[in-house]
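A.B. asks: Structure in structure tokens, see below.
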Amino acid sequence: MPNIKPISDLRNYTEILNEVKEDSPVYLTRNGRGEYAIIRIEDLDKLKAAVRLFAKLEEGERSAREAGWLSPDDVEAALGL
């Protein structure tokens, strides 16, 4: 269940920060609408890595569409198998 707090609760920011756990951010609202998320640095690093991975996968797929896909035999030959 998401941990949602009004931004005014940041007056007691130590309590809010203690509630932030791995894979469990604290979401802050302003005027009843989602505005911010507080996450651990490790989770931020994972998100950044996932975005980079998806960008590389998209780049590879685009390249394959433009230049053609490799056959399993071509892959084995390129890997020296």
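Starting from 1 in every chain, residues are counted up; chains themselves are A, B, ... following the order of the structure tokens, and ligands are numbered from 1 as listed.
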Using DSSP on the backbone, list every residue of range 1-64 of chain A that comes out as alpha helix (DSSP H), and give them as a PyMOL selection string.

C.D. replies: chain A and resi 13-19+41-64

A.B. asks: Within range 4-73 of chain A, find each residue whose DSSP state, derived from the backbone, is strand (DSSP E), and express the selection as a short mmCIF file (atom, residue, chain, number, x, y, z; two decimals) with N, CA and C atoms, in the first residue's frame.

C.D. replies:
```cif
data_model
loop_
_atom_site.label_atom_id
_atom_site.label_comp_id
_atom_site.auth_asym_id
_atom_site.auth_seq_id
_atom_site.Cartn_x
_atom_site.Cartn_y
_atom_site.Cartn_z
N ILE A 4 1.35 7.68 1.49
CA ILE A 4 1.02 9.01 0.96
C ILE A 4 0.84 9.96 2.14
N LYS A 5 1.53 11.09 2.04
CA LYS A 5 1.47 12.09 3.11
C LYS A 5 1.27 13.47 2.50
N PRO A 6 0.63 14.38 3.22
CA PRO A 6 0.58 15.76 2.75
C PRO A 6 1.96 16.41 2.92
N VAL A 26 7.95 7.36 -0.15
CA VAL A 26 6.90 8.15 0.46
C VAL A 26 6.46 9.18 -0.58
N TYR A 27 5.17 9.21 -0.85
CA TYR A 27 4.61 10.15 -1.82
C TYR A 27 4.05 11.35 -1.07
N LEU A 28 4.36 12.54 -1.57
CA LEU A 28 3.89 13.77 -0.94
C LEU A 28 2.86 14.44 -1.84
N THR A 29 1.81 14.94 -1.22
CA THR A 29 0.76 15.62 -1.96
C THR A 29 0.75 17.09 -1.63
N ARG A 30 0.29 17.87 -2.58
CA ARG A 30 0.08 19.30 -2.36
C ARG A 30 -1.32 19.59 -2.85
N ARG A 33 -3.16 16.60 -4.37
CA ARG A 33 -2.67 15.98 -5.60
C ARG A 33 -1.22 15.55 -5.44
N GLY A 34 -0.88 14.42 -6.06
CA GLY A 34 0.49 13.94 -5.99
C GLY A 34 1.46 14.95 -6.56
N GLU A 35 2.55 15.20 -5.85
CA GLU A 35 3.50 16.22 -6.28
C GLU A 35 4.94 15.70 -6.27
N TYR A 36 5.31 14.95 -5.23
CA TYR A 36 6.70 14.50 -5.07
C TYR A 36 6.74 13.06 -4.58
N ALA A 37 7.92 12.45 -4.78
CA ALA A 37 8.19 11.13 -4.21
C ALA A 37 9.57 11.19 -3.58
N ILE A 38 9.68 10.67 -2.38
CA ILE A 38 10.98 10.56 -1.72
C ILE A 38 11.39 9.10 -1.79
#
```

A.B. asks: Compare A:Glu19, A:Ser8, A:Thr14, A:Leu44 by their minimum atom-to-atom distance to Gly32 in chain A, counting only C-alpha atoms, and give me the closest one.

C.D. replies: A:Ser8

A.B. asks: Just the residues within 12 Å of Glu22 in chain A, please, counting only C-alpha atoms, with nothing from its chain fewer than 6 positions along; format it as a PyMOL selection string.

C.D. replies: chain A and resi 38-46

A.B. asks: Quick one: write out the picked residues with C-alpha atoms as a short mmCIF file (atom, residue, chain, number, x, y, z; two decimals), in the first residue's frame?

C.D. replies:
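And here is the file that came out, selection.cif:
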```
data_model
loop_
_atom_site.label_atom_id
_atom_site.label_comp_id
_atom_site.auth_asym_id
_atom_site.auth_seq_id
_atom_site.Cartn_x
_atom_site.Cartn_y
_atom_site.Cartn_z
CA ILE A 38 10.98 10.56 -1.72
CA ILE A 39 13.02 7.49 -2.60
CA ARG A 40 16.29 5.99 -1.45
CA ILE A 41 19.38 6.68 -3.56
CA GLU A 42 19.73 2.96 -4.28
CA ASP A 43 16.23 2.92 -5.77
CA LEU A 44 17.03 6.02 -7.84
CA ASP A 45 20.16 4.28 -9.17
CA LYS A 46 18.06 1.22 -10.11
#
```

A.B. asks: Can you measure CA of Met1 in chain A to CA of Ile16 in chain A for me? One decimal in Å is fine.

C.D. replies: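 Here the two named atoms are 15.9 Å from each other.
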
A.B. asks: In Å, with one decimal, what is the gap from CA of Leu47 in chain A to CA of Ser24 in chain A?

C.D. replies: 13.3 Å

A.B. asks: Just the number, please: distance in Å from CA of Asn31 in chain A to CA of Ile7 in chain A, one decimal.

C.D. replies: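 CA of Asn31 in chain A sits 8.7 Å away from CA of Ile7 in chain A.
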